[in-house]
$ cat my_file_19.cif   # mmCIF, C-alpha atoms
data_work
loop_
_atom_site.label_atom_id
_atom_site.label_comp_id
_atom_site.auth_asym_id
_atom_site.auth_seq_id
_atom_site.Cartn_x
_atom_site.Cartn_y
_atom_site.Cartn_z
CA MET A 1126 -10.74 -14.18 8.97
CA ARG A 1127 -11.48 -11.01 7.06
CA LEU A 1128 -8.34 -9.00 6.29
CA ALA A 1129 -8.21 -5.36 5.21
CA VAL A 1130 -5.10 -4.62 3.14
CA PHE A 1131 -3.90 -1.03 2.72
CA ALA A 1132 -0.96 0.33 0.73
CA ASP A 1133 0.51 3.75 0.02
CA ILE A 1134 -1.27 5.78 2.69
CA HIS A 1135 1.13 8.65 2.05
CA ALA A 1136 0.22 10.69 5.12
CA ASN A 1137 -3.31 11.30 3.79
CA ARG A 1138 -5.35 11.43 6.98
CA GLN A 1139 -8.68 11.97 5.26
CA ALA A 1140 -8.23 8.99 2.92
CA PHE A 1141 -6.88 6.57 5.52
CA SER A 1142 -9.59 7.48 8.03
CA ALA A 1143 -12.24 6.83 5.39
CA CYS A 1144 -10.68 3.49 4.41
CA LEU A 1145 -10.35 2.30 8.01
CA ALA A 1146 -14.00 3.15 8.65
CA ALA A 1147 -15.10 1.36 5.47
CA ALA A 1148 -13.02 -1.71 6.26
CA ARG A 1149 -14.50 -1.98 9.74
CA GLU A 1150 -18.00 -1.63 8.32
CA ARG A 1151 -17.12 -4.59 6.06
CA GLY A 1152 -16.14 -6.66 9.07
CA ALA A 1153 -12.35 -6.40 8.94
CA GLU A 1154 -10.75 -8.45 11.71
CA ARG A 1155 -7.10 -7.85 10.84
CA ILE A 1156 -5.30 -4.86 9.33
CA ILE A 1157 -2.38 -5.16 6.90
CA CYS A 1158 -0.30 -2.13 5.86
CA LEU A 1159 1.94 -2.59 2.81
CA GLY A 1160 4.13 0.46 3.38
CA ASP A 1161 4.57 4.05 2.31
CA ILE A 1162 2.83 5.31 5.39
CA VAL A 1163 4.49 8.70 4.80
CA GLY A 1164 5.48 10.87 1.84
CA TYR A 1165 3.49 13.36 -0.27
CA GLY A 1166 0.75 14.04 2.29
CA ALA A 1167 0.48 16.56 5.12
CA ASP A 1168 -0.24 14.39 8.17
CA PRO A 1169 2.76 12.07 8.63
CA GLU A 1170 2.76 12.22 12.44
CA TRP A 1171 -0.86 11.12 12.59
CA ALA A 1172 -0.38 8.43 9.94
CA VAL A 1173 2.63 6.84 11.61
CA GLU A 1174 1.08 7.00 15.07
CA THR A 1175 -2.11 5.41 13.74
CA VAL A 1176 -0.20 2.51 12.15
CA MET A 1177 1.90 2.12 15.30
CA ASP A 1178 -1.30 1.75 17.32
CA LEU A 1179 -2.71 -0.73 14.81
CA VAL A 1180 0.47 -2.83 14.96
CA HIS A 1181 0.33 -2.74 18.74
CA ASP A 1182 -3.18 -4.19 18.44
CA GLY A 1183 -2.09 -7.00 16.10
CA ALA A 1184 -1.83 -5.47 12.63
CA ILE A 1185 0.99 -6.31 10.21
CA ALA A 1186 3.06 -3.59 8.54
CA VAL A 1187 5.97 -3.64 6.10
CA ARG A 1188 8.32 -0.89 4.95
CA GLY A 1189 7.87 1.14 1.77
CA ASN A 1190 10.44 3.21 -0.10
CA HIS A 1191 9.15 6.51 1.32
CA ASP A 1192 9.26 5.06 4.82
CA ASN A 1193 12.80 3.90 4.07
CA ALA A 1194 13.81 7.35 2.79
CA ILE A 1195 13.11 8.92 6.18
CA GLY A 1196 16.21 7.25 7.58
CA THR A 1197 18.10 6.83 4.30
CA PRO A 1198 18.91 10.24 2.74
CA SER A 1199 20.51 8.53 -0.27
CA GLU A 1200 17.15 7.08 -1.40
CA SER A 1201 16.56 8.40 -4.93
CA MET A 1202 13.28 10.26 -5.58
CA ASN A 1203 11.89 12.95 -7.83
CA ALA A 1204 12.03 16.57 -6.67
CA ALA A 1205 8.47 16.79 -5.31
CA ALA A 1206 8.78 13.48 -3.44
CA GLN A 1207 12.17 14.51 -2.06
CA ALA A 1208 10.81 17.83 -0.82
CA ALA A 1209 7.99 16.02 0.94
CA ILE A 1210 10.39 13.53 2.54
CA GLU A 1211 12.65 16.27 3.86
CA TRP A 1212 9.65 18.10 5.33
CA THR A 1213 8.31 14.84 6.78
CA ARG A 1214 11.65 13.92 8.33
CA SER A 1215 11.54 17.14 10.38
CA ARG A 1216 8.01 16.43 11.59
CA LEU A 1217 8.41 12.89 12.93
CA SER A 1218 9.52 12.07 16.45
CA ALA A 1219 12.48 9.79 17.14
CA PRO A 1220 10.19 6.87 18.11
CA GLN A 1221 8.17 7.35 14.89
CA ARG A 1222 11.33 7.40 12.75
CA ARG A 1223 12.61 4.31 14.53
CA PHE A 1224 9.31 2.51 13.92
CA LEU A 1225 9.59 3.14 10.17
CA ALA A 1226 13.25 2.11 10.07
CA GLU A 1227 12.56 -1.17 11.86
CA LEU A 1228 9.66 -2.29 9.69
CA PRO A 1229 10.48 -5.48 7.74
CA LEU A 1230 10.63 -5.45 3.94
CA THR A 1231 8.43 -8.55 3.75
CA ARG A 1232 6.24 -10.55 6.06
CA GLN A 1233 4.66 -13.96 5.52
CA GLU A 1234 1.60 -15.18 7.36
CA ASP A 1235 0.10 -18.57 6.53
CA ASP A 1236 -0.14 -18.70 2.71
CA ARG A 1237 0.14 -14.93 2.24
CA LEU A 1238 3.22 -12.80 1.57
CA TYR A 1239 3.15 -9.05 2.15
CA VAL A 1240 5.62 -6.69 0.45
CA HIS A 1241 5.58 -3.06 -0.64
CA SER A 1242 7.02 -3.32 -4.14
CA GLU A 1243 7.46 -6.92 -5.34
CA ALA A 1244 8.90 -10.16 -4.02
CA SER A 1245 11.98 -10.80 -6.17
CA HIS A 1246 14.05 -7.91 -4.83
CA PRO A 1247 11.97 -5.97 -2.28
CA ALA A 1248 14.68 -3.38 -1.55
CA ARG A 1249 15.01 -2.39 -5.23
CA TRP A 1250 11.49 -0.90 -5.14
CA ARG A 1251 10.57 -2.12 -8.62
CA TYR A 1252 7.07 -1.52 -9.94
CA VAL A 1253 4.72 -4.27 -11.09
CA GLU A 1254 3.73 -2.75 -14.43
CA GLY A 1255 2.57 -5.85 -16.26
CA THR A 1256 2.62 -9.62 -16.47
CA THR A 1257 6.42 -9.85 -16.87
CA ASP A 1258 6.98 -8.01 -13.59
CA ALA A 1259 4.21 -9.97 -11.91
CA ALA A 1260 5.65 -13.28 -13.09
CA ARG A 1261 9.07 -12.35 -11.69
CA SER A 1262 7.52 -11.57 -8.32
CA ILE A 1263 5.41 -14.73 -8.22
CA ALA A 1264 8.35 -16.91 -9.32
CA ALA A 1265 10.40 -15.48 -6.46
CA THR A 1266 8.02 -17.14 -4.02
CA ASP A 1267 9.21 -20.57 -5.22
CA ALA A 1268 11.57 -20.40 -2.26
CA GLN A 1269 8.48 -20.01 -0.07
CA PRO A 1270 6.39 -22.87 -1.48
CA HIS A 1271 3.38 -22.30 0.72
CA VAL A 1272 2.70 -18.79 -0.61
CA HIS A 1273 -0.62 -18.74 -2.46
CA VAL A 1274 -1.05 -14.98 -2.77
CA THR A 1275 1.36 -12.06 -2.57
CA PHE A 1276 0.01 -8.61 -1.73
CA CYS A 1277 1.85 -5.47 -2.84
CA GLY A 1278 1.36 -1.79 -3.56
CA HIS A 1279 3.89 0.80 -4.79
CA ILE A 1280 2.45 1.49 -8.24
CA HIS A 1281 -0.79 3.05 -6.91
CA GLN A 1282 -2.97 1.21 -9.44
CA PRO A 1283 -5.14 -1.82 -8.59
CA ALA A 1284 -4.46 -5.01 -10.54
CA LEU A 1285 -4.70 -8.76 -10.07
CA TYR A 1286 -2.34 -11.33 -11.62
CA SER A 1287 -2.15 -15.10 -11.47
CA MET A 1288 0.20 -17.85 -12.63
CA SER A 1289 -0.89 -21.39 -13.47
CA SER A 1290 1.10 -24.51 -12.63
CA ALA A 1291 2.36 -24.34 -16.23
CA ALA A 1292 3.55 -20.74 -15.64
CA LYS A 1293 0.82 -19.22 -17.81
CA MET A 1294 -0.02 -15.69 -16.66
CA THR A 1295 -3.37 -13.93 -16.50
CA SER A 1296 -4.06 -10.36 -15.50
CA PHE A 1297 -6.94 -7.95 -15.19
CA VAL A 1298 -8.06 -4.79 -13.47
CA PRO A 1299 -10.60 -5.86 -10.85
CA THR A 1300 -14.03 -4.27 -10.60
CA SER A 1301 -14.73 -2.60 -7.27
CA ASP A 1302 -16.98 -4.53 -4.88
CA VAL A 1303 -16.98 -7.67 -7.06
CA PRO A 1304 -15.40 -10.59 -5.16
CA VAL A 1305 -12.81 -12.68 -7.03
CA GLN A 1306 -12.09 -16.28 -6.07
CA LEU A 1307 -8.36 -16.90 -5.65
CA LEU A 1308 -8.38 -20.43 -7.04
CA GLY A 1309 -6.08 -22.92 -5.39
CA GLY A 1310 -4.53 -24.21 -8.61
CA ARG A 1311 -2.89 -20.86 -9.32
CA ARG A 1312 -0.58 -18.47 -7.51
CA TRP A 1313 -1.68 -14.87 -7.22
CA LEU A 1314 -0.29 -11.36 -6.99
CA ALA A 1315 -2.74 -8.74 -5.74
CA VAL A 1316 -1.71 -5.12 -6.32
CA VAL A 1317 -4.11 -3.31 -4.03
CA GLY A 1318 -3.90 0.30 -5.25
CA SER A 1319 -3.28 3.35 -3.08
CA VAL A 1320 -5.13 4.70 -0.07
CA GLY A 1321 -3.64 8.18 -0.15
CA GLN A 1322 -2.70 8.91 -3.77
CA PRO A 1323 -4.51 6.81 -6.42
CA ARG A 1324 -3.04 6.99 -9.92
CA ASP A 1325 -5.60 5.18 -12.05
CA GLY A 1326 -7.75 8.20 -12.89
CA ASN A 1327 -10.11 7.59 -9.97
CA PRO A 1328 -9.50 9.90 -6.98
CA ALA A 1329 -11.35 7.59 -4.56
CA ALA A 1330 -9.10 5.86 -2.01
CA ALA A 1331 -8.36 2.18 -2.68
CA PHE A 1332 -7.85 -0.90 -0.52
CA ALA A 1333 -8.68 -4.61 -0.62
CA MET A 1334 -10.47 -7.13 1.58
CA LEU A 1335 -9.59 -10.82 1.74
CA ASP A 1336 -11.77 -13.51 3.27
CA THR A 1337 -9.29 -16.23 4.22
CA ALA A 1338 -12.05 -18.83 4.58
CA THR A 1339 -13.60 -18.41 1.14
CA ARG A 1340 -10.36 -17.17 -0.51
CA GLU A 1341 -12.27 -14.27 -2.04
CA ILE A 1342 -10.61 -10.90 -2.58
CA THR A 1343 -12.68 -7.76 -3.01
CA TYR A 1344 -11.20 -4.49 -4.23
CA CYS A 1345 -12.80 -1.45 -2.63
CA ARG A 1346 -12.98 2.27 -3.46
CA VAL A 1347 -13.91 4.90 -0.90
CA PRO A 1348 -14.73 8.55 -1.63
CA TYR A 1349 -13.14 10.90 0.89
CA ASP A 1350 -12.63 14.61 1.53
CA VAL A 1351 -10.09 15.26 -1.22
CA GLU A 1352 -10.33 19.04 -0.88
CA THR A 1353 -9.32 19.03 2.78
CA ALA A 1354 -6.40 16.69 2.07
CA ALA A 1355 -5.25 18.94 -0.80
CA GLU A 1356 -5.61 22.09 1.26
CA ARG A 1357 -3.53 20.54 4.06
CA ILE A 1358 -0.73 19.93 1.53
CA ARG A 1359 -0.83 23.51 0.25
CA ALA A 1360 -1.09 25.02 3.75
CA ASN A 1361 2.09 23.22 4.79
CA GLY A 1362 4.09 24.59 1.87
CA LEU A 1363 4.50 21.26 0.10
CA PRO A 1364 4.65 21.19 -3.72
CA ARG A 1365 1.23 22.16 -5.12
CA TRP A 1366 1.35 19.31 -7.64
CA LEU A 1367 0.98 16.89 -4.75
CA ALA A 1368 -2.35 18.55 -3.91
CA ASP A 1369 -3.56 18.94 -7.49
CA ARG A 1370 -2.99 15.31 -8.42
CA LEU A 1371 -5.31 14.10 -5.64
CA ARG A 1372 -8.31 15.57 -7.47
CA GLU A 1373 -7.31 13.86 -10.70
CA GLY A 1374 -6.34 10.48 -9.28
CA ARG A 1375 -2.98 10.78 -11.05
#
$ encode --input "my_file_19.cif" --output "structure tokens"
Amino acid sequence: MRLAVFADIHANRQAFSACLAAARERGAERIICLGDIVGYGADPEWAVETVMDLVHDGAIAVRGNHDNAIGTPSESMNAAAQAAIEWTRSRLSAPQRRFLAELPLTRQEDDRLYVHSEASHPARWRYVEGTTDAARSIAATDAQPHVHVTFCGHIHQPALYSMSSAAKMTSFVPTSDVPVQLLGGRRWLAVVGSVGQPRDGNPAAAFAMLDTATREITYCRVPYDVETAAERIRANGLPRWLADRLREGR
């Protein structure tokens, strides 16, 4: 099966639409959403409703920290993120808020684990910033011995980590559209990057494809209408920085 894995949509309709179209062109048969459906962007109602429809049709979704903040006012965020959450909270319907609140923090399917932040303490929302963080997340799957690859988002930067049977770590930033074989003798952590707010200097939306038969992962980048997404943020009175950073991929 060919899986399309999305993270950190952040209510960016233009980016998510472009990624969904690209994934389907690549033959995606199953959709995975790694959380942060809302936050920052100007189309939260559309984003949540779209993911709800996808889940109804068989997709998997887990909860991100911005999704969690909709129903948890005590969630700590910076000023711009908090302003966006408060605005978003007023826009969502009760069924949409309930959908976000009821999303699981993790979900395992076959030899794959899906989580927004990382696997050792999903509700702490810790970032995977290097091999130490990645090793902690991979080691946490010892309790789930059949997990071969963990997928996460949260940090908005694509990366791929692996751990050998001797606990030796490797890491690299994958090249777009170049398949990588997830070798069976190692355990893997795939950080898929962000659909709606990339932060690696490339404004193009990011997602990943996994072929479960060949065990090949391919990181994908998709140009989208950044200007319309930014204008939607400004037009709704959200912090201008949230619009400006889309152009910079920061």
$ residues_around --input "my_file_19.cif" --residues "Ala1167 of chain A" --least-positions-apart "2" --cutoff "6 Å" --atoms "all atoms listed in the file" --output "JSON, numbers by chain"
{"A": [1136, 1357, 1358]}
$ resolve_selection --input "my_file_19.cif" --expression "the PyMOL selection byres ((chain A and resi 1346) around 6)" --output "ChimeraX atom specification"
/A:1329-1331,1345,1347
$ residues_around --input "my_file_19.cif" --residues "segment 1296-1307 of chain A" --least-positions-apart "3" --cutoff "7 Å" --atoms "all atoms listed in the file" --output "VMD selection string"
chain A and resid 1256 1283 to 1287 1340 to 1346
$ closest_residue --input "my_file_19.cif" --among "A:Ala1184, A:Ile1134, A:Ala1264, A:Leu1179" --to "Gly1164 of chain A" --atoms "only C-alpha atoms"
A:Ile1134
$ closest_residue --input "my_file_19.cif" --among "A:Leu1159, A:Val1320, A:Ala1292, A:Ala1219" --to "Tyr1349 of chain A" --atoms "all atoms listed in the file"
A:Val1320
$ resolve_selection --input "my_file_19.cif" --expression "the PyMOL selection byres ((chain A and resi 1348) around 12)" --output "PyMOL selection string"
chain A and resi 1139-1144+1146-1147+1320-1321+1323+1327-1332+1345-1347+1349-1352+1371-1372+1374
$ write_last_selection --input "my_file_19.cif" --atoms "C-alpha atoms" --output "CSV table (one decimal), in the coordinates of the input"
chain,number,residue,atom,x,y,z
A,1139,GLN,CA,-8.7,12.0,5.3
A,1140,ALA,CA,-8.2,9.0,2.9
A,1141,PHE,CA,-6.9,6.6,5.5
A,1142,SER,CA,-9.6,7.5,8.0
A,1143,ALA,CA,-12.2,6.8,5.4
A,1144,CYS,CA,-10.7,3.5,4.4
A,1146,ALA,CA,-14.0,3.2,8.6
A,1147,ALA,CA,-15.1,1.4,5.5
A,1320,VAL,CA,-5.1,4.7,-0.1
A,1321,GLY,CA,-3.6,8.2,-0.2
A,1323,PRO,CA,-4.5,6.8,-6.4
A,1327,ASN,CA,-10.1,7.6,-10.0
A,1328,PRO,CA,-9.5,9.9,-7.0
A,1329,ALA,CA,-11.4,7.6,-4.6
A,1330,ALA,CA,-9.1,5.9,-2.0
A,1331,ALA,CA,-8.4,2.2,-2.7
A,1332,PHE,CA,-7.8,-0.9,-0.5
A,1345,CYS,CA,-12.8,-1.4,-2.6
A,1346,ARG,CA,-13.0,2.3,-3.5
A,1347,VAL,CA,-13.9,4.9,-0.9
A,1349,TYR,CA,-13.1,10.9,0.9
A,1350,ASP,CA,-12.6,14.6,1.5
A,1351,VAL,CA,-10.1,15.3,-1.2
A,1352,GLU,CA,-10.3,19.0,-0.9
A,1371,LEU,CA,-5.3,14.1,-5.6
A,1372,ARG,CA,-8.3,15.6,-7.5
A,1374,GLY,CA,-6.3,10.5,-9.3
$ atom_distance --input "my_file_19.cif" --atom1 "atom CA of Asp1258 of chain A" --atom2 "atom CA of Ala1226 of chain A"
26.5 Å
$ atom_distance --input "my_file_19.cif" --atom1 "atom CA of Ser1218 of chain A" --atom2 "atom CA of Asn1190 of chain A"
18.8 Å
$ atom_distance --input "my_file_19.cif" --atom1 "atom CA of Ala1265 of chain A" --atom2 "atom CA of Gly1189 of chain A"
18.7 Å
$ residues_around --input "my_file_19.cif" --residues "Leu1238 of chain A" --least-positions-apart "5" --cutoff "7 Å" --atoms "all atoms listed in the file" --output "list in words"
Arg1232, Gln1233, Val1272, Val1274, Thr1275 and Phe1276 of chain A
$ residues_around --input "my_file_19.cif" --residues "segment 1245-1255 of chain A" --least-positions-apart "4" --cutoff "7 Å" --atoms "only C-alpha atoms" --output "PyMOL selection string"
chain A and resi 1190+1230+1240+1259+1261-1262+1265+1279-1280
$ residues_around --input "my_file_19.cif" --residues "Asp1133 of chain A" --least-positions-apart "3" --cutoff "6 Å" --atoms "all atoms listed in the file" --output "JSON, numbers by chain"
{"A": [1160, 1161, 1319, 1320]}
$ axis_aligned_box --input "my_file_19.cif" --around "segment 1293-1312 of chain A" --padding-each-side "6 Å" --output "AutoDock Vina command-line options"
--center_x -8.1 --center_y -13.4 --center_z -11.3 --size_x 29.8 --size_y 33.6 --size_z 24.9
$ closest_residue --input "my_file_19.cif" --among "A:Thr1266, A:Glu1200, A:Asp1168, A:Ala1315" --to "Val1130 of chain A" --atoms "all atoms listed in the file"
A:Ala1315
$ closest_residue --input "my_file_19.cif" --among "A:Arg1223, A:Thr1337, A:Ser1199, A:Thr1175" --to "Asp1235 of chain A" --atoms "all atoms listed in the file"
A:Thr1337
$ residues_near_point --input "my_file_19.cif" --point "(3.4, 14.2, 7.0)" --cutoff "12 Å" --atoms "only C-alpha atoms" --output "ChimeraX atom specification"
/A:1134-1138,1161-1174,1191-1192,1195,1206,1208-1218,1221-1222,1321,1354,1357-1358,1361-1363
$ closest_residue --input "my_file_19.cif" --among "A:Ala1194, A:Ile1157, A:Ala1132, A:Leu1228" --to "Gly1278 of chain A" --atoms "only C-alpha atoms"
A:Ala1132
$ decode --input "my_file_19.cif" --residues "segment 1232-1257 of chain A" --atoms "N, CA, C and O atoms" --output "PDB file, in the first residue's frame"
ATOM      1  N   ARG A1232      -0.943   6.312  17.365  1.00  0.00           N
ATOM      2  CA  ARG A1232      -1.697   5.236  16.720  1.00  0.00           C
ATOM      3  C   ARG A1232      -0.695   4.299  16.056  1.00  0.00           C
ATOM      4  O   ARG A1232       0.236   4.750  15.379  1.00  0.00           O
ATOM      5  N   GLN A1233      -0.836   3.015  16.296  1.00  0.00           N
ATOM      6  CA  GLN A1233       0.028   2.034  15.653  1.00  0.00           C
ATOM      7  C   GLN A1233      -0.770   1.245  14.632  1.00  0.00           C
ATOM      8  O   GLN A1233      -1.924   0.865  14.875  1.00  0.00           O
ATOM      9  N   GLU A1234      -0.156   1.006  13.503  1.00  0.00           N
ATOM     10  CA  GLU A1234      -0.753   0.176  12.455  1.00  0.00           C
ATOM     11  C   GLU A1234       0.358  -0.690  11.867  1.00  0.00           C
ATOM     12  O   GLU A1234       1.348  -0.156  11.361  1.00  0.00           O
ATOM     13  N   ASP A1235       0.192  -1.988  11.979  1.00  0.00           N
ATOM     14  CA  ASP A1235       1.228  -2.926  11.518  1.00  0.00           C
ATOM     15  C   ASP A1235       2.565  -2.560  12.178  1.00  0.00           C
ATOM     16  O   ASP A1235       2.632  -2.478  13.392  1.00  0.00           O
ATOM     17  N   ASP A1236       3.609  -2.296  11.397  1.00  0.00           N
ATOM     18  CA  ASP A1236       4.915  -1.993  11.989  1.00  0.00           C
ATOM     19  C   ASP A1236       5.213  -0.500  12.015  1.00  0.00           C
ATOM     20  O   ASP A1236       6.364  -0.082  12.088  1.00  0.00           O
ATOM     21  N   ARG A1237       4.150   0.314  11.989  1.00  0.00           N
ATOM     22  CA  ARG A1237       4.305   1.766  11.935  1.00  0.00           C
ATOM     23  C   ARG A1237       3.615   2.420  13.136  1.00  0.00           C
ATOM     24  O   ARG A1237       2.495   2.066  13.481  1.00  0.00           O
ATOM     25  N   LEU A1238       4.318   3.390  13.740  1.00  0.00           N
ATOM     26  CA  LEU A1238       3.746   4.166  14.837  1.00  0.00           C
ATOM     27  C   LEU A1238       3.634   5.612  14.384  1.00  0.00           C
ATOM     28  O   LEU A1238       4.583   6.179  13.825  1.00  0.00           O
ATOM     29  N   TYR A1239       2.488   6.213  14.636  1.00  0.00           N
ATOM     30  CA  TYR A1239       2.232   7.600  14.255  1.00  0.00           C
ATOM     31  C   TYR A1239       2.068   8.447  15.508  1.00  0.00           C
ATOM     32  O   TYR A1239       1.307   8.103  16.415  1.00  0.00           O
ATOM     33  N   VAL A1240       2.773   9.585  15.569  1.00  0.00           N
ATOM     34  CA  VAL A1240       2.702  10.471  16.718  1.00  0.00           C
ATOM     35  C   VAL A1240       3.023  11.881  16.232  1.00  0.00           C
ATOM     36  O   VAL A1240       3.750  12.056  15.244  1.00  0.00           O
ATOM     37  N   HIS A1241       2.502  12.880  16.920  1.00  0.00           N
ATOM     38  CA  HIS A1241       2.788  14.251  16.478  1.00  0.00           C
ATOM     39  C   HIS A1241       4.207  14.672  16.828  1.00  0.00           C
ATOM     40  O   HIS A1241       4.957  15.138  15.970  1.00  0.00           O
ATOM     41  N   SER A1242       4.579  14.523  18.102  1.00  0.00           N
ATOM     42  CA  SER A1242       5.866  15.056  18.556  1.00  0.00           C
ATOM     43  C   SER A1242       6.956  13.989  18.570  1.00  0.00           C
ATOM     44  O   SER A1242       7.831  13.968  17.705  1.00  0.00           O
ATOM     45  N   GLU A1243       6.899  13.078  19.532  1.00  0.00           N
ATOM     46  CA  GLU A1243       7.845  11.965  19.594  1.00  0.00           C
ATOM     47  C   GLU A1243       7.259  10.924  20.527  1.00  0.00           C
ATOM     48  O   GLU A1243       6.305  11.193  21.262  1.00  0.00           O
ATOM     49  N   ALA A1244       7.831   9.728  20.518  1.00  0.00           N
ATOM     50  CA  ALA A1244       7.156   8.575  21.116  1.00  0.00           C
ATOM     51  C   ALA A1244       7.400   8.382  22.602  1.00  0.00           C
ATOM     52  O   ALA A1244       6.655   7.649  23.251  1.00  0.00           O
ATOM     53  N   SER A1245       8.424   9.021  23.188  1.00  0.00           N
ATOM     54  CA  SER A1245       8.727   8.727  24.587  1.00  0.00           C
ATOM     55  C   SER A1245       7.701   9.348  25.527  1.00  0.00           C
ATOM     56  O   SER A1245       7.305   8.720  26.513  1.00  0.00           O
ATOM     57  N   HIS A1246       7.285  10.565  25.239  1.00  0.00           N
ATOM     58  CA  HIS A1246       6.270  11.244  26.049  1.00  0.00           C
ATOM     59  C   HIS A1246       5.433  12.112  25.110  1.00  0.00           C
ATOM     60  O   HIS A1246       5.637  13.337  25.048  1.00  0.00           O
ATOM     61  N   PRO A1247       4.512  11.532  24.385  1.00  0.00           N
ATOM     62  CA  PRO A1247       3.788  12.279  23.345  1.00  0.00           C
ATOM     63  C   PRO A1247       3.115  13.545  23.845  1.00  0.00           C
ATOM     64  O   PRO A1247       3.065  14.550  23.116  1.00  0.00           O
ATOM     65  N   ALA A1248       2.596  13.553  25.070  1.00  0.00           N
ATOM     66  CA  ALA A1248       1.858  14.706  25.571  1.00  0.00           C
ATOM     67  C   ALA A1248       2.762  15.833  26.054  1.00  0.00           C
ATOM     68  O   ALA A1248       2.273  16.915  26.393  1.00  0.00           O
ATOM     69  N   ARG A1249       4.079  15.623  26.072  1.00  0.00           N
ATOM     70  CA  ARG A1249       5.006  16.698  26.454  1.00  0.00           C
ATOM     71  C   ARG A1249       5.375  17.573  25.255  1.00  0.00           C
ATOM     72  O   ARG A1249       6.009  18.617  25.420  1.00  0.00           O
ATOM     73  N   TRP A1250       5.040  17.117  24.067  1.00  0.00           N
ATOM     74  CA  TRP A1250       5.248  17.907  22.835  1.00  0.00           C
ATOM     75  C   TRP A1250       6.715  18.306  22.665  1.00  0.00           C
ATOM     76  O   TRP A1250       7.030  19.455  22.352  1.00  0.00           O
ATOM     77  N   ARG A1251       7.625  17.353  22.879  1.00  0.00           N
ATOM     78  CA  ARG A1251       9.041  17.657  22.711  1.00  0.00           C
ATOM     79  C   ARG A1251       9.439  17.544  21.241  1.00  0.00           C
ATOM     80  O   ARG A1251       8.931  16.708  20.509  1.00  0.00           O
ATOM     81  N   TYR A1252      10.361  18.406  20.845  1.00  0.00           N
ATOM     82  CA  TYR A1252      10.847  18.403  19.459  1.00  0.00           C
ATOM     83  C   TYR A1252      11.959  17.369  19.270  1.00  0.00           C
ATOM     84  O   TYR A1252      12.780  17.156  20.162  1.00  0.00           O
ATOM     85  N   VAL A1253      12.010  16.787  18.083  1.00  0.00           N
ATOM     86  CA  VAL A1253      13.143  15.956  17.683  1.00  0.00           C
ATOM     87  C   VAL A1253      14.126  16.872  16.957  1.00  0.00           C
ATOM     88  O   VAL A1253      13.963  17.193  15.784  1.00  0.00           O
ATOM     89  N   GLU A1254      15.148  17.320  17.686  1.00  0.00           N
ATOM     90  CA  GLU A1254      16.093  18.297  17.153  1.00  0.00           C
ATOM     91  C   GLU A1254      17.430  17.684  16.767  1.00  0.00           C
ATOM     92  O   GLU A1254      18.293  18.386  16.230  1.00  0.00           O
ATOM     93  N   GLY A1255      17.608  16.407  17.036  1.00  0.00           N
ATOM     94  CA  GLY A1255      18.873  15.766  16.691  1.00  0.00           C
ATOM     95  C   GLY A1255      18.835  14.304  17.070  1.00  0.00           C
ATOM     96  O   GLY A1255      17.795  13.755  17.449  1.00  0.00           O
ATOM     97  N   THR A1256      20.004  13.655  16.990  1.00  0.00           N
ATOM     98  CA  THR A1256      20.050  12.212  17.196  1.00  0.00           C
ATOM     99  C   THR A1256      19.721  11.804  18.634  1.00  0.00           C
ATOM    100  O   THR A1256      19.165  10.729  18.861  1.00  0.00           O
ATOM    101  N   THR A1257      20.037  12.656  19.617  1.00  0.00           N
ATOM    102  CA  THR A1257      19.702  12.312  21.006  1.00  0.00           C
ATOM    103  C   THR A1257      18.197  12.217  21.191  1.00  0.00           C
ATOM    104  O   THR A1257      17.677  11.267  21.794  1.00  0.00           O
TER     105      THR A1257
END
